[in-house]
file data06.cif (mmCIF, C-alpha atoms)
data_protein
#
loop_
_atom_site.label_atom_id
_atom_site.label_comp_id
_atom_site.auth_asym_id
_atom_site.auth_seq_id
_atom_site.Cartn_x
_atom_site.Cartn_y
_atom_site.Cartn_z
CA MET J 1 121.31 -309.50 9.53
CA SER J 2 117.88 -309.15 11.10
CA LEU J 3 114.50 -310.07 9.71
CA PHE J 4 111.20 -308.35 10.49
CA LEU J 5 107.93 -310.24 10.19
CA GLY J 6 104.71 -308.57 9.08
CA ILE J 7 101.21 -310.06 9.32
CA ASP J 8 98.04 -308.59 7.83
CA THR J 9 94.62 -310.28 7.77
CA SER J 10 92.47 -307.76 5.91
CA ASN J 11 88.94 -308.29 4.67
CA TYR J 12 90.02 -310.07 1.47
CA THR J 13 93.69 -311.09 1.72
CA THR J 14 95.75 -313.16 4.12
CA SER J 15 99.30 -311.85 3.97
CA THR J 16 102.71 -312.37 5.53
CA ALA J 17 106.03 -310.69 4.78
CA LEU J 18 109.67 -310.64 5.90
CA PHE J 19 111.94 -307.61 5.54
CA ASN J 20 115.71 -308.16 5.50
CA ASP J 21 117.46 -305.10 6.96
CA GLU J 22 120.81 -306.08 5.41
CA THR J 23 119.70 -306.52 1.80
CA GLY J 24 116.53 -304.42 1.81
CA GLU J 25 114.70 -307.39 0.30
CA MET J 26 111.05 -308.04 1.07
CA LEU J 27 109.64 -311.56 0.86
CA GLN J 28 105.87 -311.94 0.61
CA GLU J 29 103.36 -314.78 0.82
CA LYS J 30 99.71 -313.82 0.44
CA LYS J 31 96.44 -315.32 -0.70
CA LEU J 32 93.02 -313.92 -1.50
CA LEU J 33 90.10 -315.16 0.55
CA PRO J 34 87.72 -317.32 -1.53
CA VAL J 35 84.54 -315.55 -2.69
CA LYS J 36 81.86 -317.48 -4.58
CA LYS J 37 81.13 -316.43 -8.16
CA GLY J 38 78.50 -313.70 -8.35
CA GLN J 39 78.99 -312.59 -4.75
CA LEU J 40 80.32 -309.17 -3.80
CA GLY J 41 82.23 -310.05 -0.68
CA LEU J 42 82.32 -312.04 2.54
CA ARG J 43 80.67 -311.87 5.91
CA GLN J 44 83.19 -311.13 8.66
CA SER J 45 82.60 -314.54 10.21
CA ASP J 46 83.56 -316.18 6.91
CA ALA J 47 86.61 -313.93 6.55
CA VAL J 48 87.79 -314.92 10.04
CA PHE J 49 87.35 -318.60 9.18
CA HIS J 50 89.30 -318.38 5.92
CA HIS J 51 92.14 -316.35 7.49
CA THR J 52 92.44 -318.96 10.21
CA ALA J 53 92.61 -321.71 7.59
CA GLN J 54 95.16 -319.91 5.37
CA LEU J 55 97.56 -318.08 7.66
CA HIS J 56 99.57 -321.01 8.97
CA ALA J 57 100.29 -322.34 5.45
CA LEU J 58 101.44 -318.92 4.24
CA PHE J 59 103.70 -318.46 7.25
CA SER J 60 105.20 -321.91 6.77
CA SER J 61 105.96 -321.13 3.13
CA LEU J 62 107.44 -317.74 4.04
CA VAL J 63 109.95 -319.12 6.55
CA LYS J 64 110.76 -322.47 4.90
CA ASP J 65 114.23 -321.33 3.77
CA ILE J 66 115.12 -318.91 6.56
CA ASP J 67 116.40 -319.26 10.11
CA VAL J 68 113.64 -317.94 12.37
CA ALA J 69 116.34 -317.12 14.93
CA ASN J 70 117.13 -314.10 12.71
CA ILE J 71 113.65 -312.60 13.24
CA ALA J 72 114.16 -309.54 15.43
CA ALA J 73 110.61 -308.24 15.76
CA ILE J 74 107.03 -308.78 14.61
CA GLY J 75 104.58 -306.24 13.23
CA VAL J 76 100.85 -306.81 12.80
CA SER J 77 97.83 -304.84 11.64
CA THR J 78 95.16 -304.83 14.34
CA LYS J 79 92.52 -302.47 12.93
CA PRO J 80 91.51 -300.76 9.67
CA ARG J 81 92.52 -297.17 10.48
CA PRO J 82 94.72 -295.42 13.08
CA ILE J 83 91.81 -293.94 15.03
CA GLU J 84 90.05 -294.83 18.25
CA GLY J 85 87.16 -297.24 17.75
CA SER J 86 88.38 -298.57 14.40
CA TYR J 87 87.64 -302.30 14.43
CA MET J 88 87.04 -305.26 12.13
CA PRO J 89 86.93 -308.88 13.38
CA CYS J 90 89.16 -310.28 10.60
CA PHE J 91 92.19 -308.47 12.03
CA THR J 92 91.94 -310.49 15.27
CA VAL J 93 93.26 -313.55 13.40
CA GLY J 94 96.54 -311.88 12.53
CA GLU J 95 96.77 -310.14 15.89
CA ASN J 96 96.32 -313.34 17.91
CA THR J 97 98.80 -315.23 15.71
CA ALA J 98 101.35 -312.44 16.15
CA LYS J 99 100.87 -312.51 19.92
CA ILE J 100 101.47 -316.28 20.00
CA LEU J 101 104.64 -315.97 17.90
CA SER J 102 105.86 -313.05 19.98
CA SER J 103 105.44 -315.02 23.20
CA ALA J 104 106.87 -318.27 21.81
CA LEU J 105 109.93 -316.60 20.27
CA SER J 106 110.37 -313.87 22.93
CA LEU J 107 110.21 -311.13 20.30
CA PRO J 108 108.94 -307.55 20.53
CA LEU J 109 105.53 -307.04 18.94
CA PHE J 110 104.46 -303.78 17.27
CA SER J 111 100.87 -303.03 16.33
CA PHE J 112 99.79 -300.82 13.45
CA SER J 113 96.67 -300.14 11.42
CA HIS J 114 95.96 -301.60 7.99
CA GLN J 115 95.95 -298.09 6.52
CA GLU J 116 99.40 -297.33 7.92
CA GLY J 117 100.60 -300.56 6.32
CA HIS J 118 99.33 -299.48 2.91
CA ILE J 119 101.07 -296.11 3.14
CA SER J 120 104.27 -297.72 4.39
CA ALA J 121 104.22 -300.26 1.53
CA ALA J 122 104.03 -297.39 -0.96
CA ILE J 123 106.94 -295.58 0.73
CA TYR J 124 109.06 -298.74 0.78
CA SER J 125 108.37 -299.87 -2.78
CA SER J 126 108.92 -296.38 -4.23
CA GLY J 127 112.17 -295.83 -2.32
CA ARG J 128 110.85 -292.66 -0.71
CA ASP J 129 111.99 -293.06 2.90
CA ASP J 130 112.36 -289.28 3.02
CA LEU J 131 108.59 -289.11 3.50
CA PHE J 132 109.07 -290.46 7.02
CA THR J 133 110.48 -287.02 7.86
CA LYS J 134 107.93 -284.89 5.98
CA ASN J 135 104.28 -283.94 5.89
CA PHE J 136 102.45 -285.35 2.89
CA ILE J 137 99.00 -286.12 1.52
CA ALA J 138 98.37 -289.87 1.36
CA PHE J 139 95.47 -291.50 -0.47
CA HIS J 140 94.32 -294.97 0.56
CA VAL J 141 91.96 -296.24 -2.14
CA SER J 142 90.67 -299.79 -1.91
CA GLY J 143 87.56 -301.91 -1.50
CA GLY J 144 87.16 -300.92 2.13
CA THR J 145 88.51 -297.35 2.13
CA THR J 146 88.57 -294.29 -0.06
CA GLU J 147 90.33 -291.65 1.99
CA ALA J 148 92.99 -288.99 1.91
CA VAL J 149 94.94 -288.22 5.07
CA ILE J 150 97.43 -285.58 6.05
CA ALA J 151 100.39 -287.68 7.14
CA GLU J 152 103.08 -286.27 9.41
CA GLY J 153 106.36 -288.18 9.33
CA LYS J 154 107.73 -289.26 12.72
CA ASN J 155 110.94 -290.89 11.46
CA TYR J 156 109.93 -294.43 12.39
CA SER J 157 106.31 -293.91 11.37
CA PHE J 158 103.76 -291.15 10.78
CA THR J 159 100.50 -289.82 12.10
CA ALA J 160 97.49 -289.73 9.78
CA LYS J 161 94.68 -287.19 10.07
CA LEU J 162 91.62 -287.66 7.87
CA ALA J 163 91.33 -284.87 5.29
CA ALA J 164 88.81 -286.19 2.75
CA SER J 165 86.94 -289.35 1.82
CA SER J 166 84.15 -290.85 -0.19
CA LEU J 167 80.92 -290.03 1.62
CA ASP J 168 79.26 -293.26 0.56
CA LEU J 169 80.60 -296.10 -1.60
CA HIS J 170 84.31 -296.90 -1.71
CA ALA J 171 86.13 -296.95 -5.06
CA GLY J 172 86.93 -300.66 -4.87
CA GLN J 173 83.31 -301.46 -4.04
CA ALA J 174 82.15 -299.53 -7.09
CA ILE J 175 84.61 -301.40 -9.31
CA ASP J 176 83.50 -304.77 -7.95
CA ARG J 177 79.79 -304.00 -8.27
CA VAL J 178 80.14 -302.85 -11.86
CA GLY J 179 82.46 -305.76 -12.61
CA VAL J 180 80.06 -308.38 -11.26
CA MET J 181 77.24 -306.71 -13.23
CA LEU J 182 79.39 -307.20 -16.35
CA GLY J 183 79.94 -310.87 -15.53
CA LEU J 184 83.46 -310.59 -14.07
CA GLU J 185 84.76 -312.55 -11.10
CA PHE J 186 85.30 -310.91 -7.70
CA PRO J 187 87.60 -309.08 -7.05
CA CYS J 188 87.10 -307.39 -10.39
CA GLY J 189 89.79 -304.70 -10.60
CA PRO J 190 92.31 -306.25 -13.04
CA GLN J 191 89.57 -307.69 -15.28
CA LEU J 192 87.67 -304.39 -15.40
CA GLU J 193 90.90 -302.60 -16.33
CA MET J 194 91.51 -305.04 -19.20
CA LEU J 195 88.00 -304.40 -20.51
CA ALA J 196 88.42 -300.63 -20.18
CA LEU J 197 91.71 -300.67 -22.09
CA ARG J 198 89.85 -302.03 -25.11
CA ASN J 199 87.40 -299.13 -25.19
CA THR J 200 87.87 -296.72 -28.11
CA GLU J 201 84.98 -294.33 -27.49
CA PRO J 202 85.41 -290.92 -25.82
CA ILE J 203 84.09 -290.62 -22.27
CA THR J 204 82.89 -287.62 -20.29
CA VAL J 205 82.10 -287.90 -16.58
CA HIS J 206 80.83 -285.41 -14.01
CA PRO J 207 81.86 -286.56 -10.52
CA ALA J 208 79.73 -285.63 -7.53
CA MET J 209 81.80 -283.67 -5.02
CA LYS J 210 81.11 -282.07 -1.63
CA GLY J 211 84.07 -279.91 -0.78
CA CYS J 212 87.16 -282.14 -0.77
CA ASN J 213 85.01 -285.25 -0.45
CA CYS J 214 83.63 -287.36 -3.27
CA CYS J 215 80.42 -289.34 -3.70
CA LEU J 216 80.72 -292.63 -5.60
CA SER J 217 77.39 -294.34 -4.91
CA GLY J 218 75.96 -293.19 -8.25
CA ILE J 219 78.50 -295.12 -10.34
CA GLU J 220 76.65 -298.42 -10.15
CA ASN J 221 73.35 -296.99 -11.40
CA LEU J 222 75.02 -294.89 -14.09
CA CYS J 223 76.88 -297.92 -15.41
CA LYS J 224 73.78 -300.08 -15.25
CA LYS J 225 71.84 -297.57 -17.34
CA LEU J 226 74.68 -297.34 -19.86
CA PHE J 227 74.82 -301.12 -20.18
CA GLU J 228 71.06 -301.53 -20.49
CA SER J 229 71.05 -298.80 -23.14
CA GLY J 230 73.26 -300.93 -25.38
CA ASN J 231 76.72 -299.59 -24.60
CA SER J 232 79.53 -302.14 -24.78
CA ARG J 233 81.06 -303.82 -21.74
CA GLU J 234 84.32 -302.10 -22.66
CA TYR J 235 82.69 -298.67 -22.61
CA VAL J 236 80.93 -299.30 -19.29
CA ALA J 237 84.16 -300.53 -17.71
CA ALA J 238 86.05 -297.48 -18.97
CA TYR J 239 83.28 -295.17 -17.73
CA CYS J 240 83.48 -296.65 -14.22
CA ILE J 241 87.25 -296.29 -14.03
CA GLU J 242 87.23 -292.77 -15.48
CA TYR J 243 84.59 -291.67 -12.96
CA ILE J 244 86.81 -292.84 -10.10
CA ASN J 245 89.90 -291.34 -11.74
CA LYS J 246 88.32 -287.89 -12.11
CA SER J 247 86.92 -288.05 -8.57
CA LEU J 248 90.39 -288.71 -7.15
CA GLN J 249 91.90 -285.93 -9.24
CA MET J 250 89.29 -283.43 -8.06
CA MET J 251 89.88 -284.50 -4.45
CA THR J 252 93.61 -283.94 -4.97
CA GLU J 253 93.13 -280.49 -6.49
CA ARG J 254 90.87 -279.36 -3.66
CA LEU J 255 93.17 -280.75 -0.98
CA ILE J 256 96.14 -278.90 -2.47
CA GLU J 257 94.07 -275.73 -2.55
CA LYS J 258 93.12 -276.21 1.10
CA TYR J 259 96.39 -277.48 2.60
CA GLY J 260 99.00 -276.21 0.15
CA ASN J 261 101.54 -278.07 -1.96
CA MET J 262 103.11 -281.08 -0.31
CA PRO J 263 104.19 -284.53 -1.53
CA LEU J 264 101.39 -286.78 -2.80
CA LEU J 265 101.24 -290.52 -2.22
CA TYR J 266 98.66 -292.99 -3.55
CA ALA J 267 98.26 -296.46 -2.05
CA GLY J 268 95.70 -299.27 -2.03
CA GLY J 269 94.55 -301.86 -4.51
CA VAL J 270 92.62 -299.45 -6.74
CA MET J 271 95.79 -297.44 -7.32
CA SER J 272 97.38 -300.39 -9.12
CA ASP J 273 95.00 -299.64 -12.00
CA LYS J 274 97.29 -298.42 -14.80
CA ILE J 275 94.64 -296.15 -16.34
CA ILE J 276 94.17 -294.25 -13.10
CA LYS J 277 97.87 -294.21 -12.20
CA ASP J 278 98.98 -292.94 -15.60
CA SER J 279 96.32 -290.24 -15.67
CA ILE J 280 97.17 -288.94 -12.19
CA SER J 281 100.91 -289.11 -12.94
CA LYS J 282 100.46 -286.82 -15.93
CA LYS J 283 98.80 -284.20 -13.76
CA PHE J 284 100.61 -284.46 -10.42
CA ALA J 285 104.10 -285.33 -9.20
CA ALA J 286 103.04 -288.29 -7.11
CA VAL J 287 104.41 -291.38 -5.38
CA PHE J 288 102.75 -294.75 -6.04
CA ALA J 289 103.22 -298.19 -4.59
CA LYS J 290 104.58 -300.71 -7.07
CA PRO J 291 101.82 -303.11 -8.22
CA ALA J 292 103.03 -305.97 -5.99
CA PHE J 293 102.71 -303.65 -2.99
CA SER J 294 99.43 -301.93 -3.92
CA ALA J 295 96.93 -304.60 -2.92
CA ASP J 296 96.50 -305.62 0.71
CA ASN J 297 99.79 -306.99 1.99
CA ALA J 298 101.93 -307.34 5.11
CA ALA J 299 105.01 -305.76 3.53
CA GLY J 300 104.23 -302.29 4.83
CA ILE J 301 103.64 -303.70 8.30
CA ALA J 302 106.99 -305.53 8.24
CA TYR J 303 108.72 -302.32 7.16
CA LEU J 304 107.07 -300.33 9.95
CA ALA J 305 108.17 -302.96 12.47
CA TYR J 306 111.74 -302.60 11.18
CA ARG J 307 111.67 -298.81 11.47
CA LYS J 308 110.14 -298.83 14.95
CA PHE J 309 112.69 -301.42 16.13
CA LYS J 310 115.53 -299.36 14.64
CA TYR J 311 114.52 -295.83 15.62
CA VAL J 312 112.55 -296.14 18.88
#
call {"tool": "encode", "arguments": {"input": "data06.cif", "output": "structure tokens"}}
result
Amino acid sequence: MSLFLGIDTSNYTTSTALFNDETGEMLQEKKLLPVKKGQLGLRQSDAVFHHTAQLHALFSSLVKDIDVANIAAIGVSTKPRPIEGSYMPCFTVGENTAKILSSALSLPLFSFSHQEGHISAAIYSSGRDDLFTKNFIAFHVSGGTTEAVIAEGKNYSFTAKLAASSLDLHAGQAIDRVGVMLGLEFPCGPQLEMLALRNTEPITVHPAMKGCNCCLSGIENLCKKLFESGNSREYVAAYCIEYINKSLQMMTERLIEKYGNMPLLYAGGVMSDKIIKDSISKKFAAVFAKPAFSADNAAGIAYLAYRKFKYV
């Protein structure tokens, strides 16, 4: 038996994970960074501070019942996306911790991007390892990213070439801004979904598209006008989610038209929204991460470390 450690210090979640190559089990310990009520996020300096304060406790909890001598390799996310120049200070916390552990335990260290981790987590949790040998369209939809990439499986990993994105606001940002406007606590996704599920009124949206790309910056103002005009919180929440849902569906349709039919995968925290997932599932044969693997987590990184150790 070998264990593979994953570390991910994204903008809003400190996360650690261990993959067991004998049982296929994934253990996770993760914790959201604290954001004060009414605020829409954190400065990078604050995110770095909170990751530094949280990571050691999460790691201690993760390994409390395991023999660290069974850890064969370490994986860590070091940047947001797998492109040159991609950088965010919060990832240095996880990277430096991984380097210390690698040196102290004499273990190989593999570096990946946060986006690769999200896609890998969806592949692992859906049981679709076959995608590591195929080309597929992968959506990464979260508070920091709304993108679709053409992924090319490389057996142990995959390359990811940007194919479409939001040209302004990210989907998760739109959800949080509307949620805070409605009095919800950040991050607002699950609470906004609960509100939206109680809506009984029909909704029609007209997403703004530019080719395969979407534009989401108008959601906040549209929802503000709806709310100030006397529409219920439930209706406004449902309108926000439906706007994002239709935008993603239109992106998917245009990408298929441009690149042809290939497997579809949706990852990222926004894709754990049941309204969006169910709607897309009715229209497309798609792969989704299980809810526990949708939000920012180190599980995908641990799984990539396992595959690189095994196949390279």
call {"tool": "resolve_selection", "arguments": {"input": "data06.cif", "expression": "the PyMOL selection byres ((chain J and resi 72) around 6)", "output": "MDAnalysis selection string"}}
result
chainID J and resid 2:4 71 73
call {"tool": "residues_around", "arguments": {"input": "data06.cif", "residues": "Ala286 in chain J", "least_positions_apart": "3", "cutoff": "9 Å", "atoms": "only C-alpha atoms", "output": "JSON, numbers by chain"}}
result
{"J": [263, 264, 265, 266, 280, 281, 283]}
call {"tool": "residues_around", "arguments": {"input": "data06.cif", "residues": "Met181 in chain J", "least_positions_apart": "3", "cutoff": "9 Å", "atoms": "all atoms listed in the file", "output": "ChimeraX atom specification"}}
result
/J:38,176-178,184,220,224
call {"tool": "closest_residue", "arguments": {"input": "data06.cif", "among": "J:Tyr124, J:Tyr311, J:Phe136, J:Phe284", "to": "Met26 in chain J", "atoms": "all atoms listed in the file"}}
result
J:Tyr124
call {"tool": "resolve_selection", "arguments": {"input": "data06.cif", "expression": "the PyMOL selection byres ((chain J and resi 277) around 12)", "output": "number ranges by chain"}}
result
J: 141, 193, 241-242, 244-246, 248-249, 265-276, 278-291, 294
call {"tool": "resolve_selection", "arguments": {"input": "data06.cif", "expression": "the PyMOL selection byres ((chain J and resi 188) around 12)", "output": "ChimeraX atom specification"}}
result
/J:35,37-41,142-143,171-187,189-196,237,240-241,269-270,273
call {"tool": "write_last_selection", "arguments": {"input": "data06.cif", "atoms": "C-alpha atoms", "output": "compact mmCIF listing (two decimals), keeping the file's coordinate frame"}}
result
# COMPACT_ATOMS: atom_id res chain seq x y z
CA VAL J 35 84.54 -315.55 -2.69
CA LYS J 37 81.13 -316.43 -8.16
CA GLY J 38 78.50 -313.70 -8.35
CA GLN J 39 78.99 -312.59 -4.75
CA LEU J 40 80.32 -309.17 -3.80
CA GLY J 41 82.23 -310.05 -0.68
CA SER J 142 90.67 -299.79 -1.91
CA GLY J 143 87.56 -301.91 -1.50
CA ALA J 171 86.13 -296.95 -5.06
CA GLY J 172 86.93 -300.66 -4.87
CA GLN J 173 83.31 -301.46 -4.04
CA ALA J 174 82.15 -299.53 -7.09
CA ILE J 175 84.61 -301.40 -9.31
CA ASP J 176 83.50 -304.77 -7.95
CA ARG J 177 79.79 -304.00 -8.27
CA VAL J 178 80.14 -302.85 -11.86
CA GLY J 179 82.46 -305.76 -12.61
CA VAL J 180 80.06 -308.38 -11.26
CA MET J 181 77.24 -306.71 -13.23
CA LEU J 182 79.39 -307.20 -16.35
CA GLY J 183 79.94 -310.87 -15.53
CA LEU J 184 83.46 -310.59 -14.07
CA GLU J 185 84.76 -312.55 -11.10
CA PHE J 186 85.30 -310.91 -7.70
CA PRO J 187 87.60 -309.08 -7.05
CA GLY J 189 89.79 -304.70 -10.60
CA PRO J 190 92.31 -306.25 -13.04
CA GLN J 191 89.57 -307.69 -15.28
CA LEU J 192 87.67 -304.39 -15.40
CA GLU J 193 90.90 -302.60 -16.33
CA MET J 194 91.51 -305.04 -19.20
CA LEU J 195 88.00 -304.40 -20.51
CA ALA J 196 88.42 -300.63 -20.18
CA ALA J 237 84.16 -300.53 -17.71
CA CYS J 240 83.48 -296.65 -14.22
CA ILE J 241 87.25 -296.29 -14.03
CA GLY J 269 94.55 -301.86 -4.51
CA VAL J 270 92.62 -299.45 -6.74
CA ASP J 273 95.00 -299.64 -12.00
call {"tool": "atom_distance", "arguments": {"input": "data06.cif", "atom1": "CA of Pro202 in chain J", "atom2": "CA of Tyr239 in chain J"}}
result
9.4 Å
call {"tool": "residues_around", "arguments": {"input": "data06.cif", "residues": "Asp296 in chain J", "least_positions_apart": "3", "cutoff": "9 Å", "atoms": "only C-alpha atoms", "output": "list in words"}}
result
Asp8, Thr9, Ser10, Asn11, Tyr12, Thr13, Thr14, Ser15, Lys30, His114, Gly117, His118, Ser142, Gly268, Gly269, Phe293 and Ala299 of chain J
call {"tool": "atom_distance", "arguments": {"input": "data06.cif", "atom1": "CA of Ser125 in chain J", "atom2": "CA of Leu58 in chain J"}}
result
21.5 Å
call {"tool": "residues_around", "arguments": {"input": "data06.cif", "residues": "His170 in chain J", "least_positions_apart": "6", "cutoff": "9 Å", "atoms": "all atoms listed in the file", "output": "list in words"}}
result
Val141, Ser142, Gly143, Gly144, Thr145, Thr146, Glu147, Cys215, Leu216 and Ser217 of chain J
call {"tool": "atom_distance", "arguments": {"input": "data06.cif", "atom1": "CA of Thr52 in chain J", "atom2": "CA of Thr92 in chain J"}}
result
9.9 Å
call {"tool": "closest_residue", "arguments": {"input": "data06.cif", "among": "J:Glu228, J:Ser60, J:Glu257, J:Arg307", "to": "Lys154 in chain J", "atoms": "all atoms listed in the file"}}
result
J:Arg307
call {"tool": "residues_around", "arguments": {"input": "data06.cif", "residues": "Met88 in chain J", "least_positions_apart": "4", "cutoff": "12 Å", "atoms": "only C-alpha atoms", "output": "list of chain:residue names"}}
result
J:Thr9, J:Ser10, J:Asn11, J:Arg43, J:Gln44, J:Ser45, J:Ala47, J:Val48, J:Ser77, J:Thr78, J:Lys79, J:Pro80, J:Arg81, J:Thr92, J:Val93, J:Gly94, J:Glu95, J:Ser113, J:His114, J:Gly144
call {"tool": "write_last_selection", "arguments": {"input": "data06.cif", "atoms": "C-alpha atoms", "output": "PDB file, in the coordinates of the input"}}
result
ATOM      1  CA  THR J   9      94.620-310.280   7.770  1.00  0.00           C
ATOM      2  CA  SER J  10      92.470-307.760   5.910  1.00  0.00           C
ATOM      3  CA  ASN J  11      88.940-308.290   4.670  1.00  0.00           C
ATOM      4  CA  ARG J  43      80.670-311.870   5.910  1.00  0.00           C
ATOM      5  CA  GLN J  44      83.190-311.130   8.660  1.00  0.00           C
ATOM      6  CA  SER J  45      82.600-314.540  10.210  1.00  0.00           C
ATOM      7  CA  ALA J  47      86.610-313.930   6.550  1.00  0.00           C
ATOM      8  CA  VAL J  48      87.790-314.920  10.040  1.00  0.00           C
ATOM      9  CA  SER J  77      97.830-304.840  11.640  1.00  0.00           C
ATOM     10  CA  THR J  78      95.160-304.830  14.340  1.00  0.00           C
ATOM     11  CA  LYS J  79      92.520-302.470  12.930  1.00  0.00           C
ATOM     12  CA  PRO J  80      91.510-300.760   9.670  1.00  0.00           C
ATOM     13  CA  ARG J  81      92.520-297.170  10.480  1.00  0.00           C
ATOM     14  CA  THR J  92      91.940-310.490  15.270  1.00  0.00           C
ATOM     15  CA  VAL J  93      93.260-313.550  13.400  1.00  0.00           C
ATOM     16  CA  GLY J  94      96.540-311.880  12.530  1.00  0.00           C
ATOM     17  CA  GLU J  95      96.770-310.140  15.890  1.00  0.00           C
ATOM     18  CA  SER J 113      96.670-300.140  11.420  1.00  0.00           C
ATOM     19  CA  HIS J 114      95.960-301.600   7.990  1.00  0.00           C
ATOM     20  CA  GLY J 144      87.160-300.920   2.130  1.00  0.00           C
TER      21      GLY J 144
END
